[in-house]
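Enquirer: This one is query-v3.txt, compact mmCIF, C-alpha atoms and all ligand atoms.
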# COMPACT_ATOMS: atom_id res chain seq x y z
CA MET A 2 0.00 0.00 0.00
CA ILE A 3 1.13 3.54 -0.75
CA TYR A 4 -0.12 6.62 1.11
CA LYS A 5 0.27 10.13 -0.22
CA ALA A 6 0.15 13.23 2.05
CA HIS A 7 2.42 15.84 3.60
CA LEU A 8 4.75 13.54 5.58
CA ILE A 9 6.15 14.96 8.82
CA ASP A 10 8.32 13.09 11.35
CA THR A 11 11.47 13.46 13.46
CA PRO A 12 14.12 10.82 12.65
CA THR A 13 16.39 13.09 14.76
CA PRO A 14 15.21 15.45 17.52
CA ASP A 15 16.81 18.65 16.25
CA GLN A 16 14.45 19.24 13.32
CA PHE A 17 11.29 18.07 11.59
CA ARG A 18 11.71 16.12 8.36
CA ILE A 19 8.99 17.37 6.03
CA ILE A 20 8.15 15.82 2.65
CA PRO A 21 5.37 17.86 1.00
CA ASN A 22 3.04 15.70 -1.12
CA GLY A 23 5.27 12.73 -0.33
CA TYR A 24 4.69 8.99 -0.62
CA ILE A 25 5.12 6.28 1.99
CA HIS A 26 5.28 2.62 0.97
CA VAL A 27 3.97 0.15 3.59
CA ASN A 28 4.25 -3.62 2.97
CA ASP A 29 1.63 -6.30 3.73
CA HIS A 30 3.13 -6.82 7.21
CA GLY A 31 2.58 -3.17 8.13
CA ILE A 32 6.29 -2.34 7.82
CA ILE A 33 7.53 0.84 6.11
CA GLU A 34 9.59 0.10 2.99
CA GLY A 35 10.46 3.72 2.20
CA VAL A 36 9.37 7.36 1.90
CA TYR A 37 9.69 9.27 -1.36
CA GLN A 38 9.24 12.74 -2.76
CA THR A 39 8.83 11.18 -6.21
CA LEU A 40 7.37 7.70 -6.53
CA PRO A 41 9.94 5.23 -7.99
CA ALA A 42 8.91 3.63 -11.31
CA SER A 43 8.89 0.18 -9.64
CA LEU A 44 5.98 1.27 -7.39
CA THR A 45 3.72 2.99 -9.88
CA SER A 46 1.45 -0.08 -10.18
CA GLU A 47 0.80 -0.24 -6.39
CA PRO A 48 -2.56 1.07 -5.09
CA ILE A 49 -2.31 4.66 -3.76
CA THR A 50 -4.45 6.24 -1.04
CA ASP A 51 -4.24 9.99 -1.46
CA PHE A 52 -4.87 12.04 1.69
CA GLY A 53 -4.61 15.30 -0.26
CA ASP A 54 -3.61 18.40 1.73
CA GLN A 55 -3.66 16.58 5.11
CA LEU A 56 -0.66 15.85 7.34
CA LEU A 57 0.58 12.30 7.90
CA ILE A 58 2.52 12.07 11.18
CA PRO A 59 3.73 9.21 13.42
CA ALA A 60 1.23 8.11 16.08
CA PHE A 61 1.73 9.12 19.72
CA TYR A 62 3.02 6.96 22.59
CA ASP A 63 1.97 7.51 26.20
CA LEU A 64 4.60 5.86 28.40
CA HIS A 65 2.86 6.45 31.73
CA VAL A 66 -0.89 6.38 32.32
CA HIS A 67 -3.20 4.94 34.99
CA ALA A 68 -6.27 3.41 33.30
CA PRO A 69 -8.33 3.07 36.54
CA GLN A 70 -7.91 6.79 37.27
CA TYR A 71 -9.79 7.69 34.07
CA ARG A 72 -12.95 8.72 35.92
CA ASN A 73 -10.94 11.16 38.05
CA MET A 74 -9.40 12.91 35.03
CA GLY A 75 -9.63 16.70 35.53
CA LEU A 76 -10.77 16.26 39.14
CA ALA A 77 -9.35 16.33 42.63
CA LEU A 78 -6.07 18.13 41.96
CA ASP A 79 -6.02 20.22 45.13
CA LEU A 80 -3.65 18.02 47.17
CA PRO A 81 0.01 17.03 46.79
CA LEU A 82 0.99 13.47 45.90
CA LEU A 83 0.80 11.50 49.16
CA PRO A 84 -2.54 12.85 50.49
CA TRP A 85 -3.86 12.90 46.89
CA LEU A 86 -3.24 9.15 46.64
CA GLN A 87 -4.92 8.35 49.96
CA THR A 88 -7.86 10.76 49.55
CA TYR A 89 -8.83 10.45 45.89
CA THR A 90 -6.86 7.83 44.04
CA PHE A 91 -6.88 4.73 46.22
CA PRO A 92 -10.68 4.95 46.83
CA GLU A 93 -11.28 5.15 43.05
CA GLU A 94 -8.93 2.24 42.29
CA SER A 95 -10.65 0.15 44.98
CA LYS A 96 -13.79 0.12 42.81
CA PHE A 97 -12.05 -2.14 40.28
CA SER A 98 -12.79 -5.22 42.36
CA ASP A 99 -16.18 -4.87 40.60
CA LEU A 100 -15.71 -6.21 37.08
CA HIS A 101 -18.81 -4.43 35.74
CA TYR A 102 -17.47 -1.08 36.90
CA ALA A 103 -14.06 -1.98 35.48
CA GLU A 104 -15.53 -2.82 32.10
CA ARG A 105 -17.44 0.47 31.88
CA ILE A 106 -14.40 2.61 32.73
CA TYR A 107 -11.88 0.55 30.77
CA ARG A 108 -13.97 0.71 27.59
CA ARG A 109 -13.99 4.49 27.91
CA PHE A 110 -10.25 4.53 28.58
CA VAL A 111 -9.47 2.40 25.50
CA HIS A 112 -11.75 4.62 23.41
CA GLU A 113 -9.89 7.68 24.72
CA LEU A 114 -6.48 6.31 23.70
CA TRP A 115 -7.83 5.61 20.21
CA MET A 116 -9.46 9.04 20.00
CA GLN A 117 -6.28 10.87 21.05
CA GLY A 118 -4.15 9.02 18.48
CA THR A 119 -2.19 7.24 21.19
CA MET A 120 -1.58 3.97 19.40
CA ARG A 121 0.55 2.37 22.10
CA ALA A 122 0.88 2.99 25.82
CA SER A 123 2.48 1.71 28.99
CA ILE A 124 -0.36 1.41 31.45
CA PHE A 125 -0.91 0.87 35.18
CA GLY A 126 -4.00 -1.22 36.04
CA THR A 127 -4.91 -1.93 39.66
CA VAL A 128 -4.15 -4.76 42.09
CA HIS A 129 -7.13 -6.72 40.69
CA ILE A 130 -6.30 -9.59 38.32
CA PRO A 131 -9.69 -9.99 36.54
CA ALA A 132 -10.03 -6.24 35.85
CA THR A 133 -6.44 -5.94 34.61
CA GLN A 134 -6.86 -8.96 32.32
CA LEU A 135 -10.05 -7.41 30.98
CA LEU A 136 -8.17 -4.18 30.24
CA MET A 137 -5.61 -6.17 28.23
CA LYS A 138 -8.36 -7.91 26.29
CA LEU A 139 -10.10 -4.62 25.42
CA LEU A 140 -6.82 -3.04 24.25
CA ASP A 141 -6.08 -6.08 22.10
CA GLU A 142 -9.56 -6.09 20.56
CA ALA A 143 -9.14 -2.41 19.69
CA GLY A 144 -5.87 -3.22 17.87
CA LEU A 145 -3.81 -0.93 20.11
CA GLY A 146 -0.34 -1.82 21.42
CA ALA A 147 0.32 -1.77 25.15
CA TYR A 148 2.26 -2.90 28.15
CA VAL A 149 -0.11 -3.38 31.09
CA GLY A 150 0.87 -3.80 34.73
CA LEU A 151 -0.90 -5.47 37.62
CA VAL A 152 -0.03 -2.91 40.28
CA GLY A 153 1.96 -4.44 43.13
CA MET A 154 0.97 -2.93 46.51
CA ASN A 155 1.01 -4.44 50.00
CA ARG A 156 2.01 -1.67 52.40
CA ASP A 157 0.19 1.40 53.70
CA CYS A 158 -2.79 0.89 51.38
CA PRO A 159 -6.51 0.68 52.15
CA GLU A 160 -8.01 -2.72 52.87
CA GLY A 161 -8.89 -4.48 49.63
CA LEU A 162 -6.33 -2.53 47.61
CA THR A 163 -3.44 -4.93 48.16
CA ASN A 164 -2.21 -8.09 46.50
CA THR A 165 -0.06 -11.06 47.46
CA LEU A 166 3.15 -12.48 46.05
CA GLU A 167 1.09 -15.38 44.65
CA ASP A 168 -1.21 -12.94 42.81
CA LEU A 169 1.83 -11.44 41.13
CA GLU A 170 3.07 -14.81 39.86
CA GLU A 171 -0.42 -15.77 38.66
CA PHE A 172 -0.70 -12.60 36.58
CA TYR A 173 2.84 -12.45 35.26
CA LYS A 174 3.06 -16.04 34.06
CA GLN A 175 0.57 -15.07 31.30
CA PRO A 176 2.50 -14.00 28.18
CA GLY A 177 -0.07 -11.58 26.72
CA THR A 178 -0.68 -11.25 22.98
CA GLU A 179 1.40 -10.06 20.04
CA ARG A 180 0.99 -6.39 20.91
CA VAL A 181 -0.51 -6.32 24.43
CA LYS A 182 1.95 -7.58 27.02
CA PRO A 183 2.49 -7.53 30.78
CA ILE A 184 4.96 -5.20 32.51
CA ILE A 185 6.22 -5.56 36.09
CA THR A 186 4.67 -2.68 38.08
CA PRO A 187 5.57 -1.99 41.70
CA ARG A 188 3.37 1.07 42.44
CA PHE A 189 6.30 2.87 44.12
CA ILE A 190 8.59 2.01 47.00
CA PRO A 191 6.29 3.29 49.77
CA SER A 192 3.51 0.87 48.64
CA CYS A 193 5.67 -2.28 48.56
CA THR A 194 7.37 -4.37 51.23
CA ARG A 195 10.90 -5.55 50.59
CA GLU A 196 9.52 -9.05 49.94
CA MET A 197 7.26 -7.69 47.22
CA LEU A 198 10.06 -5.70 45.57
CA GLN A 199 12.27 -8.78 45.70
CA ARG A 200 9.60 -11.01 44.13
CA LEU A 201 8.87 -8.48 41.38
CA GLY A 202 12.58 -8.32 40.55
CA GLU A 203 12.65 -12.13 40.35
CA LEU A 204 9.58 -12.21 38.10
CA ALA A 205 11.08 -9.60 35.77
CA LYS A 206 14.08 -11.88 35.34
CA LYS A 207 12.17 -15.19 35.20
CA TYR A 208 9.73 -14.06 32.49
CA ASN A 209 12.02 -11.45 30.90
CA LEU A 210 9.52 -8.63 31.45
CA PRO A 211 10.07 -4.87 31.39
CA VAL A 212 9.50 -2.80 34.55
CA GLN A 213 7.69 0.48 35.24
CA SER A 214 7.26 2.57 38.36
CA HIS A 215 7.48 6.06 39.86
CA LEU A 216 10.72 7.80 40.95
CA SER A 217 11.55 10.99 42.85
CA GLU A 218 8.26 12.68 42.00
CA ASN A 219 7.72 14.72 45.16
CA ARG A 220 9.95 15.81 48.07
CA ASN A 221 7.81 14.28 50.84
CA GLU A 222 7.70 11.01 48.91
CA ILE A 223 11.52 10.97 48.75
CA ARG A 224 11.73 11.66 52.51
CA LEU A 225 9.37 8.74 53.11
CA VAL A 226 11.51 6.41 50.99
CA HIS A 227 14.61 7.34 53.00
CA LYS A 228 12.69 6.68 56.23
CA LEU A 229 11.49 3.27 55.00
CA MET A 230 14.89 2.27 53.53
CA PRO A 231 17.52 4.09 55.59
CA GLU A 232 20.29 2.02 54.00
CA VAL A 233 19.88 3.36 50.44
CA LEU A 234 21.77 6.40 49.15
CA THR A 235 19.05 7.45 46.69
CA TYR A 236 15.43 6.49 45.94
CA GLY A 237 16.66 4.82 42.75
CA ASP A 238 18.99 2.56 44.74
CA GLY A 239 15.84 1.14 46.36
CA TYR A 240 14.73 -0.32 43.01
CA LEU A 241 18.25 -1.25 41.94
CA LYS A 242 18.78 -3.29 45.09
CA TYR A 243 15.86 -5.56 44.20
CA GLY A 244 16.70 -6.15 40.54
CA LEU A 245 14.15 -3.63 39.29
CA TRP A 246 16.53 -1.39 37.36
CA GLY A 247 18.05 -2.12 34.00
CA GLN A 248 17.84 -5.91 34.25
CA THR A 249 15.15 -5.53 31.56
CA PRO A 250 13.91 -2.31 29.85
CA THR A 251 12.80 0.01 32.66
CA LEU A 252 10.52 3.06 32.75
CA MET A 253 10.62 5.51 35.66
CA ALA A 254 7.96 8.22 35.72
CA HIS A 255 8.67 11.80 36.87
CA CYS A 256 12.29 11.99 38.20
CA CYS A 257 11.55 15.64 39.08
CA HIS A 258 14.12 15.63 41.87
CA SER A 259 16.69 13.15 40.50
CA ARG A 260 20.19 14.58 40.80
CA GLY A 261 23.81 13.45 41.24
CA ARG A 262 24.13 9.73 41.94
CA GLU A 263 20.55 9.00 40.89
CA LEU A 264 21.23 10.51 37.45
CA ARG A 265 24.41 8.48 37.13
CA LEU A 266 22.44 5.33 37.96
CA LEU A 267 19.70 6.20 35.45
CA LYS A 268 22.35 6.52 32.77
CA LYS A 269 24.38 3.47 33.82
CA TYR A 270 21.37 1.13 33.82
CA ASP A 271 19.80 2.71 30.72
CA VAL A 272 16.62 3.49 32.66
CA ILE A 273 14.11 5.50 30.62
CA VAL A 274 12.68 8.65 32.22
CA VAL A 275 8.98 9.29 31.55
CA HIS A 276 8.40 13.03 31.79
CA CYS A 277 4.83 13.89 32.88
CA PRO A 278 4.67 17.69 33.00
CA THR A 279 0.87 18.06 33.23
CA SER A 280 0.86 15.88 36.33
CA ASN A 281 3.88 17.61 37.83
CA CYS A 282 2.10 20.98 37.48
CA ASN A 283 -1.22 19.72 38.84
CA LEU A 284 0.20 18.00 41.92
CA GLY A 285 2.87 20.69 42.41
CA SER A 286 5.46 17.93 42.38
CA GLY A 287 8.36 19.76 40.76
CA ALA A 288 9.95 20.28 37.36
CA ALA A 289 12.22 17.66 35.83
CA PRO A 290 15.46 19.02 34.29
CA ILE A 291 14.86 17.43 30.89
CA ARG A 292 17.59 19.31 29.03
CA ARG A 293 20.12 18.08 31.59
CA PHE A 294 18.88 14.48 31.25
CA LEU A 295 19.23 14.67 27.47
CA LYS A 296 22.71 16.19 27.70
CA LYS A 297 23.79 13.33 29.94
CA GLY A 298 22.50 10.83 27.39
CA ILE A 299 19.57 9.65 29.54
CA ARG A 300 16.63 8.44 27.46
CA VAL A 301 13.46 10.51 27.91
CA THR A 302 9.87 9.78 26.84
CA LEU A 303 6.53 11.44 27.67
CA GLY A 304 3.44 10.39 29.64
CA THR A 305 0.04 11.84 30.49
CA ASP A 306 -0.03 10.25 33.99
CA VAL A 307 -3.84 10.43 33.98
CA SER A 308 -5.25 11.35 36.49
CA GLY A 309 -2.34 13.23 38.08
CA GLY A 310 -2.35 14.55 34.52
CA HIS A 311 -5.72 16.12 33.71
CA ASN A 312 -5.78 15.28 30.02
CA ALA A 313 -5.13 12.14 27.93
CA SER A 314 -3.83 14.05 24.89
CA MET A 315 -0.14 13.72 24.05
CA LEU A 316 -0.48 17.06 22.22
CA ARG A 317 -1.16 18.71 25.57
CA VAL A 318 1.80 16.85 27.09
CA MET A 319 4.07 18.16 24.29
CA GLN A 320 2.76 21.67 24.90
CA TYR A 321 3.40 21.43 28.67
CA THR A 322 6.83 19.92 27.98
CA LEU A 323 7.77 23.03 26.01
CA GLN A 324 6.22 25.47 28.47
CA THR A 325 7.67 23.88 31.61
CA SER A 326 11.07 23.65 29.92
CA LYS A 327 11.05 27.40 29.37
CA LEU A 328 9.86 28.11 32.91
CA TYR A 329 12.56 25.79 34.25
CA GLN A 330 15.23 27.73 32.39
CA THR A 331 14.03 31.05 33.81
CA PHE A 332 14.45 29.70 37.36
CA SER A 333 17.62 27.72 36.74
CA LEU A 334 21.06 29.19 37.35
CA LEU A 335 22.46 27.04 34.54
CA LYS A 336 21.64 28.77 31.29
CA GLU A 337 20.72 25.74 29.23
CA PRO A 338 18.50 26.14 26.16
CA ALA A 339 14.82 25.23 26.56
CA LEU A 340 13.45 22.35 24.45
CA LYS A 341 12.43 23.01 20.84
CA VAL A 342 9.13 21.98 19.27
CA SER A 343 10.80 19.26 17.19
CA GLU A 344 12.38 17.83 20.36
CA ALA A 345 9.02 17.59 22.15
CA PHE A 346 7.55 15.88 19.08
CA TYR A 347 10.49 13.44 18.95
CA LEU A 348 9.95 12.54 22.64
CA ALA A 349 6.26 11.79 22.00
CA THR A 350 6.88 9.78 18.80
CA LYS A 351 10.24 8.17 18.03
CA SER A 352 11.58 8.15 21.59
CA GLY A 353 8.38 6.76 23.14
CA GLY A 354 7.90 4.39 20.22
CA SER A 355 11.32 2.82 20.75
CA PHE A 356 9.96 1.09 23.87
CA PHE A 357 7.62 -0.95 21.64
CA GLY A 358 10.15 -1.88 18.94
CA LYS A 359 10.81 0.07 15.75
CA CYS A 360 7.95 2.53 16.07
CA GLY A 361 7.35 6.28 15.87
CA SER A 362 9.25 7.31 12.73
CA PHE A 363 8.77 6.94 8.99
CA GLU A 364 12.01 5.10 8.38
CA GLN A 365 12.58 1.86 6.53
CA GLY A 366 11.87 -1.17 8.75
CA TYR A 367 9.62 0.78 11.15
CA GLU A 368 6.06 -0.31 11.86
CA PHE A 369 3.50 1.97 10.26
CA ASP A 370 1.92 3.67 13.29
CA ALA A 371 0.49 6.89 11.91
CA LEU A 372 -2.18 9.59 12.10
CA VAL A 373 -3.83 11.53 9.29
CA VAL A 374 -4.49 15.08 10.51
CA ASN A 375 -6.87 17.48 8.84
CA ASP A 376 -5.89 20.94 10.07
CA ALA A 377 -7.80 22.80 7.32
CA TYR A 378 -9.78 24.91 9.81
CA LEU A 379 -6.49 26.16 11.29
CA ASN A 380 -5.41 27.26 7.82
CA ALA A 381 -7.80 30.04 6.89
CA GLU A 382 -4.61 32.05 6.54
CA LYS A 383 -1.86 30.46 4.52
CA TYR A 384 0.74 28.68 6.64
CA THR A 385 3.85 26.74 5.68
CA LEU A 386 4.15 23.07 6.68
CA PRO A 387 6.63 23.82 9.53
CA GLN A 388 4.11 26.36 10.84
CA ARG A 389 1.22 23.90 10.42
CA ILE A 390 2.83 21.19 12.56
CA GLU A 391 3.77 23.72 15.25
CA ARG A 392 0.21 25.07 15.35
CA TYR A 393 -1.23 21.56 15.41
CA ILE A 394 0.87 20.69 18.48
CA PHE A 395 -0.14 23.85 20.33
CA ILE A 396 -3.78 24.36 19.30
CA GLY A 397 -4.92 21.20 17.54
CA ASP A 398 -6.77 18.30 19.17
CA ASP A 399 -8.21 14.82 18.63
CA ARG A 400 -11.05 16.10 16.41
CA ASP A 401 -8.49 16.81 13.71
CA ILE A 402 -7.36 13.17 13.51
CA LYS A 403 -9.14 11.53 10.58
CA HIS A 404 -7.40 8.13 10.36
CA ARG A 405 -5.37 6.12 12.87
CA PHE A 406 -3.00 3.29 11.97
CA CYS A 407 -1.28 0.87 14.32
CA ALA A 408 1.18 -1.67 12.87
CA GLY A 409 -0.10 -0.92 9.37
CA LYS A 410 -3.76 -1.51 10.13
CA GLU A 411 -6.34 1.28 10.24
CA LEU A 412 -8.14 1.09 13.60
CA ALA A 413 -11.91 1.49 13.74
CA GLU A 414 -13.56 3.32 16.65
CA PRO A 415 -13.69 0.92 19.65
CA SER A 416 -17.12 0.11 21.06
CA LEU A 417 -18.20 1.74 24.34
CA THR A 418 -20.56 -1.10 25.21
N1 LIG B 1 3.01 7.43 42.93
C1 LIG B 1 2.44 6.28 43.35
N2 LIG B 1 1.23 6.10 42.78
C2 LIG B 1 1.02 7.14 41.96
C3 LIG B 1 -0.04 7.51 41.10
O1 LIG B 1 -1.06 6.83 40.97
N3 LIG B 1 0.12 8.67 40.40
C4 LIG B 1 1.23 9.45 40.52
N4 LIG B 1 1.32 10.55 39.82
N5 LIG B 1 2.24 9.13 41.34
C5 LIG B 1 2.14 7.99 42.06
FE FE B 2 1.73 7.80 37.79
As structure tokens - that is how I would like this structure written.
Expert:
Amino acid sequence: MIYKAHLIDTPTPDQFRIIPNGYIHVNDHGIIEGVYQTLPASLTSEPITDFGDQLLIPAFYDLHVHAPQYRNMGLALDLPLLPWLQTYTFPEESKFSDLHYAERIYRRFVHELWMQGTMRASIFGTVHIPATQLLMKLLDEAGLGAYVGLVGMNRDCPEGLTNTLEDLEEFYKQPGTERVKPIITPRFIPSCTREMLQRLGELAKKYNLPVQSHLSENRNEIRLVHKLMPEVLTYGDGYLKYGLWGQTPTLMAHCCHSRGRELRLLKKYDVIVVHCPTSNCNLGSGAAPIRRFLKKGIRVTLGTDVSGGHNASMLRVMQYTLQTSKLYQTFSLLKEPALKVSEAFYLATKSGGSFFGKCGSFEQGYEFDALVVNDAYLNAEKYTLPQRIERYIFIGDDRDIKHRFCAGKELAEPSLT
């Protein structure tokens, strides 16, 4: 199949690659064979789908999102992290022992990912095995790609919102499907006993599973970790000690306050930072020094962190990434340059996509995960293509997405019932 449109992607972060009225050749396995300004003679007999004056961009990847917090999105953002969890978040997650409730919310959540053009995500479920398995099934039926975690928690949590070491093994021995797979998910150190952290580290190794959790999000959280684990030098050492860092691909959300040794460990173990600026603003957690992470060669991706984040759109996360980067530089004594628009786009596409394989760029051998964007209403005045993509990131939204492709297949709207 060949698609024709204005192709825009970021093979490298420093600039957009723009091919006006370009062609992209996708094979029967959903893999990109090449992009062209002029169609080679060998391809002229292939069927062409012409998207006209629309933009064709890589799909978005949300590397940190809590599916069971969907109902709280845009709500209850008047407390900092630790009381926010106890007051609003744990009570909502407790409801997922009820599979009917879980199905209603998880259908809406899956629909939201589709709607926002987020074709793959790394997702926290709850402690409940049936609800988390249902979430995986709904994602798979929708054709989306995902890693999904059964959240490990057994300390300082409400009754009913805990699980056992046996529950963890039962969930993690299931391999998942081609594109929807399990990911080891300790909630964060304050929610897990040492035995649970140890077992999760063992399961990551035994089943060769990636790991996701939270790191150095909020100052009181960090103080609590040092109180619970007085022997560790940094919060990150607490995961490292139990085999939860770098043994397999590892995602750590936030890292607002990671400095010094913790940064060196992130780099050494190739741990991927998931920057969640909407959440960090809402919960007043802090501002992650993203430019510094990038300069040190630490991998960075983006996440909505719904419902710490108030919005499931990766466009809004890109916008906040740019805005918080500028604010950070105004307060910082180090005069480092703020992030550029192409860099934010790269983080949301090629960088995030790399967690799922070769995804998030229109390069040969990459899976065709893509969005067709109709920004005509933004173009009453004439704009160039570099201006159009910048405006789409700042003022566009899901209504402008006309087609969504994951692994070469166009995804239909998922059912809400
Ligand atoms: N730390 C532990 N649990 C959570 C959560 O649900 N959201 C956020 N933002 N941070 C956490
Ligand atoms: Fe989170």
Enquirer: Residues of chain A that approach ligand FE 2 (chain B) to 9 Å or less, counting only C-alpha atoms and all ligand atoms: could you list each one with the shortest pair of atoms and its distance in Å to one decimal, rows by chain and increasing residue number, as a tab-separated table?
Expert:
residue	atom	partner	partner_atom	distance
A:His65	CA	B:FE2	FE	6.3
A:Val66	CA	B:FE2	FE	6.2
A:His67	CA	B:FE2	FE	6.4
A:Phe125	CA	B:FE2	FE	7.9
A:Arg188	CA	B:FE2	FE	8.3
A:Ser214	CA	B:FE2	FE	7.6
A:His215	CA	B:FE2	FE	6.4
A:Ala254	CA	B:FE2	FE	6.6
A:His255	CA	B:FE2	FE	8.1
A:Cys277	CA	B:FE2	FE	8.4
A:Ser280	CA	B:FE2	FE	8.3
A:Gly304	CA	B:FE2	FE	8.7
A:Thr305	CA	B:FE2	FE	8.5
A:Asp306	CA	B:FE2	FE	4.9
A:Val307	CA	B:FE2	FE	7.2
A:Ser308	CA	B:FE2	FE	7.9
A:Gly309	CA	B:FE2	FE	6.8
A:Gly310	CA	B:FE2	FE	8.5
Enquirer: What does the distance between CA of Leu169 in chain A and CA of Met120 in chain A come to in Å, to one decimal place?
Expert: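 Computing the Euclidean distance for CA of Leu169 in chain A and CA of Met120 in chain A yields 26.9 Å.
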Enquirer: Extract, using all atoms listed in the file, all DNA, RNA and protein residues at most 12 Å from Gly35 in chain A, discarding same-chain residues fewer than 2 positions from it, and format them as a list in words.
Expert: Met2, Ile3, Tyr4, Leu8, Gly23, Tyr24, Ile25, His26, Val27, Asn28, Ile32, Ile33, Tyr37, Gln38, Thr39, Leu40, Pro41, Leu44, Ser362, Phe363, Glu364, Gln365, Gly366, Tyr367, Glu368 and Phe369 of chain A
Enquirer: Between A:Thr45, A:Gln199, A:Asn283, A:Gln134, which residue has the minimum interatomic distance to ligand LIG 1 (chain B), considering all atoms listed in the file?
Expert: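 Answer, going by the shortest atom-to-atom distance: A:Asn283.
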Enquirer: Using only C-alpha atoms, find all polymer residues with an atom at most 12 Å away from the point (13.7, 27.2, 34.8); report them as a PDB file with C-alpha atoms, in the coordinates of the input.
Expert:
ATOM      1  CA  GLY A 287       8.360  19.760  40.760  1.00  0.00           C
ATOM      2  CA  ALA A 288       9.950  20.280  37.360  1.00  0.00           C
ATOM      3  CA  ALA A 289      12.220  17.660  35.830  1.00  0.00           C
ATOM      4  CA  PRO A 290      15.460  19.020  34.290  1.00  0.00           C
ATOM      5  CA  ILE A 291      14.860  17.430  30.890  1.00  0.00           C
ATOM      6  CA  ARG A 292      17.590  19.310  29.030  1.00  0.00           C
ATOM      7  CA  ARG A 293      20.120  18.080  31.590  1.00  0.00           C
ATOM      8  CA  LEU A 323       7.770  23.030  26.010  1.00  0.00           C
ATOM      9  CA  GLN A 324       6.220  25.470  28.470  1.00  0.00           C
ATOM     10  CA  THR A 325       7.670  23.880  31.610  1.00  0.00           C
ATOM     11  CA  SER A 326      11.070  23.650  29.920  1.00  0.00           C
ATOM     12  CA  LYS A 327      11.050  27.400  29.370  1.00  0.00           C
ATOM     13  CA  LEU A 328       9.860  28.110  32.910  1.00  0.00           C
ATOM     14  CA  TYR A 329      12.560  25.790  34.250  1.00  0.00           C
ATOM     15  CA  GLN A 330      15.230  27.730  32.390  1.00  0.00           C
ATOM     16  CA  THR A 331      14.030  31.050  33.810  1.00  0.00           C
ATOM     17  CA  PHE A 332      14.450  29.700  37.360  1.00  0.00           C
ATOM     18  CA  SER A 333      17.620  27.720  36.740  1.00  0.00           C
ATOM     19  CA  LEU A 334      21.060  29.190  37.350  1.00  0.00           C
ATOM     20  CA  LEU A 335      22.460  27.040  34.540  1.00  0.00           C
ATOM     21  CA  LYS A 336      21.640  28.770  31.290  1.00  0.00           C
ATOM     22  CA  GLU A 337      20.720  25.740  29.230  1.00  0.00           C
ATOM     23  CA  PRO A 338      18.500  26.140  26.160  1.00  0.00           C
ATOM     24  CA  ALA A 339      14.820  25.230  26.560  1.00  0.00           C
ATOM     25  CA  LEU A 340      13.450  22.350  24.450  1.00  0.00           C
TER      26      LEU A 340
END
Enquirer: Please measure the separation of CA of Ser343 in chain A and CA of Ala413 in chain A, giving the value in Å to one decimal.
Expert: 29.0 Å
Enquirer: Given the choices A:Val274, A:Met154, A:Leu252, A:Leu303, which gets closest to ligand LIG 1 (chain B) if the distance is worked out from all atoms listed in the file?
Expert: A:Met154
Enquirer: Just the number, please: distance in Å from CA of Phe61 in chain A to CA of Gly118 in chain A, one decimal.
Expert: 6.0 Å
Enquirer: Between A:Asn22, A:Ser352, A:Thr279, A:Thr385, which residue has the minimum interatomic distance to ligand LIG 1 (chain B), considering all atoms listed in the file?
Expert: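 Looking only at the distances to ligand LIG 1 (chain B), the closest residue turns out to be A:Thr279.
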Enquirer: Counting all atoms listed in the file, figure out which residue out of A:Leu198, A:Ile20, A:Ile223, A:Ile49 gets nearest to ligand LIG 1 (chain B).
Expert: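 Looking only at the distances to ligand LIG 1 (chain B), the closest residue turns out to be A:Ile223.
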Enquirer: May I have the protein, DNA and RNA residues with any atom at most 9 Å from the point (3.6, -2.8, 45.9), counting only C-alpha atoms, written as a list of chain:residue names?
Expert: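 Output of the proximity query reads A:Val128, A:Val152, A:Gly153, A:Met154, A:Asn155, A:Arg156, A:Thr163, A:Asn164, A:Thr186, A:Pro187, A:Arg188, A:Phe189, A:Ile190, A:Pro191, A:Ser192, A:Cys193, A:Thr194, A:Met197, A:Leu198, A:Leu201.
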Enquirer: Which of these residues is nearest to Cys407 in chain A, using all atoms listed in the file: A:Val272, A:Ile299, A:Ala147, A:Leu229?
Expert: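 Between A:Val272, A:Ile299, A:Ala147, A:Leu229, the residue approaching Cys407 in chain A most closely is A:Ala147.
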Enquirer: Hey, which of A:Asp370, A:Glu218, A:Glu47, A:Glu171 ends up closest to ligand LIG 1 (chain B)? Count only C-alpha atoms and all ligand atoms.
Expert: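 Of all the options, A:Glu218 lies closest to ligand LIG 1 (chain B).
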Enquirer: Give me the residues near range 96-102 of chain A as a ChimeraX atom specification, where near means some atom within 12 Å (using all atoms listed in the file) and where sequence neighbours in that chain fewer than 3 positions away do not count.
Expert: /A:68-72,89-93,105-109,126-136,151,159-164,418
Enquirer: Need to verify the contact set: Glu203 in chain A, 10 Å, all atoms listed in the file, exclusion of same-chain residues closer than 6 positions in sequence. Can you return it as an mmCIF file with C-alpha atoms, keeping the file's coordinate frame?
Expert:
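The result, written out as part-v8.cif:
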data_model
loop_
_atom_site.group_PDB
_atom_site.id
_atom_site.type_symbol
_atom_site.label_atom_id
_atom_site.label_comp_id
_atom_site.auth_asym_id
_atom_site.auth_seq_id
_atom_site.Cartn_x
_atom_site.Cartn_y
_atom_site.Cartn_z
ATOM 1 C CA GLU A 170 3.070 -14.810 39.860
ATOM 2 C CA MET A 197 7.260 -7.690 47.220
ATOM 3 C CA ASN A 209 12.020 -11.450 30.900
ATOM 4 C CA TYR A 243 15.860 -5.560 44.200
ATOM 5 C CA GLY A 244 16.700 -6.150 40.540
ATOM 6 C CA LEU A 245 14.150 -3.630 39.290
#
Enquirer: Would you kindly return, as a list in words, each protein, DNA or RNA residue with an atom no farther than 10 Å from any atom of Glu414 in chain A, considering all atoms listed in the file and excluding same-chain residues fewer than 2 positions away?
Expert: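 The residues that qualify are Val111, His112, Glu113, Trp115, Met116, Ala143, Arg405, Glu411, Leu412, Ser416 and Leu417 of chain A.
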